[in-house]
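Participant: Below is a structure I'd like to ask you about.
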Amino acid sequence: MDNPKLKRLPASRAPAGSRQSVRRHSGVVRMTHWVNVLCFSVLLMSGLQIFNAHPRLYWGQYGADSDKAFIAIGSEQHGDRLKGFFQIGPLNIETTGILGVSREGDAVTEKAFPSWLTIPSYHDLGAGRNWHFLFAWLLLINGFVYLAHGLWRGHIRRDLLPNRDQLGWRHVWREVVDHARLRFAKGEHARRYNSLQKMTYLLVALVLLPLMVLTGLTMSPGLNAVFPFLPDLFGGRPSARTLHFLTASSLVLFVVVHVLMVVLSGFWNNLRSMISGRYVIDHSGDTK
């Protein structure tokens, strides 16, 4: 969130119970946010298309069909019925018909993820890879635009780096409890990211996204020839593919929690701020 540079009443002069509109997000932040939404959506759905071609993940240098999978999504015959399963290590969980087995029209299809979750919807590994690579480059360029703008305008230093007080375990624990009780920042405190938001966004930007990029590069034979150290960095290309899948799953979890928090803390106010840049603060203590 870019701190507003427009003139406004300081907290001490804002009349109790008044509503105040502030500039919360700059145009570049809003633009890169929505480009990220598009890129993540296409990357996820095209990634599931790629995963469907071989829905098994391994660890180390193993990766043949006969090798023991670390994670697998598939199907098995039970009498006259085909059942889907999700397997991780020794744990095998029967799925509900979405994973492993899906119904398309009158037919039952053996597929890790159903067609409505993949790009393209029909089985085409080559097209899925093309979509994936195109939007991976777009995401990377968009990330550089956001980073350059954030460094130039001081957004990252000012709004994303937690201060010493916010890193205290008592402060963090209090915010965890407040979020669990659905108590969100009100009034002047709603202008800024809290410590949980800052640490989560930094975790995504500094750990998950770089890991996603590096493991993706490691799966390319061409790039392995240019950078031969990449497979060794992750213990083999099969391990890199597993880490890529787990990182993507972590990002999906982040997005789900992020959207949930947006809805619970004031959906229209949050959405409006990411469209127009304007955010309304209610100084009576309620954010509308």
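Ordering of the structure tokens sets the chain letters (A, B, ...); residue numbers start at 1 within each chain; ligands are numbered from 1 in the order shown.
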Can you list, as a list in words, every protein, DNA or RNA residue that comes within 8 Å of stretch 137-142 of chain A when you count only C-alpha atoms, leaving out same-chain residues fewer than 5 positions away?

Facilitator: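 The residues satisfying every condition are Thr32, Val35, Asn36, Cys39 and Phe40 of chain A.
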
Participant: Would you write out those residues with C-alpha atoms, as an mmCIF file, in the first residue's frame?

Facilitator:
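Written file, selection21.cif:
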data_model
loop_
_atom_site.group_PDB
_atom_site.id
_atom_site.type_symbol
_atom_site.label_atom_id
_atom_site.label_comp_id
_atom_site.auth_asym_id
_atom_site.auth_seq_id
_atom_site.Cartn_x
_atom_site.Cartn_y
_atom_site.Cartn_z
ATOM 1 C CA THR A 32 0.703 -4.697 -11.307
ATOM 2 C CA VAL A 35 -1.682 -8.229 -13.922
ATOM 3 C CA ASN A 36 -0.542 -10.596 -11.140
ATOM 4 C CA CYS A 39 -0.792 -14.249 -14.542
ATOM 5 C CA PHE A 40 -1.348 -16.410 -11.466
#

Participant: Return as number ranges by chain the full set of residues in stretch 59-277 of chain A whose backbone-based DSSP assignment is strand (DSSP E).

Facilitator: A: 71-78, 81-88, 91-94, 101-104, 107-110

Participant: Atom CA of A:Val145 and atom CA of A:Leu117, how far apart in Å?

Facilitator: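 These two atoms are separated by 29.1 Å.
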
Participant: Check stretch 32-114 of chain A with DSSP on the backbone and list each residue it calls helix (DSSP H, G or I), as a list in words.

Facilitator: Thr32, His33, Trp34, Val35, Asn36, Val37, Leu38, Cys39, Phe40, Ser41, Val42, Leu43, Leu44, Met45, Ser46, Gly47, Leu48, Gln49, Ile50, Phe51 and Asn52 of chain A

Participant: Counting only C-alpha atoms, what is within 10 Å of A:Ala248, bar same-chain residues fewer than 6 positions away, as a list in words?

Facilitator: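 Within the cut-off, the hits are Phe40, Leu43, Leu44, Gly47, Leu208, Leu209, Leu211, Met212, Thr242 and Phe254 of chain A.
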
Participant: Which is closer to A:Leu233 than all the others in A:Glu110, A:Gly60, A:Pro162, A:Asp67, using only C-alpha atoms?

Facilitator: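 Of A:Glu110, A:Gly60, A:Pro162, A:Asp67, the one nearest A:Leu233, counting only C-alpha atoms, is A:Gly60.
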
Participant: Any idea what the distance is between atom CA of A:Phe229 and atom CA of A:Trp59?

Facilitator: 17.4 Å
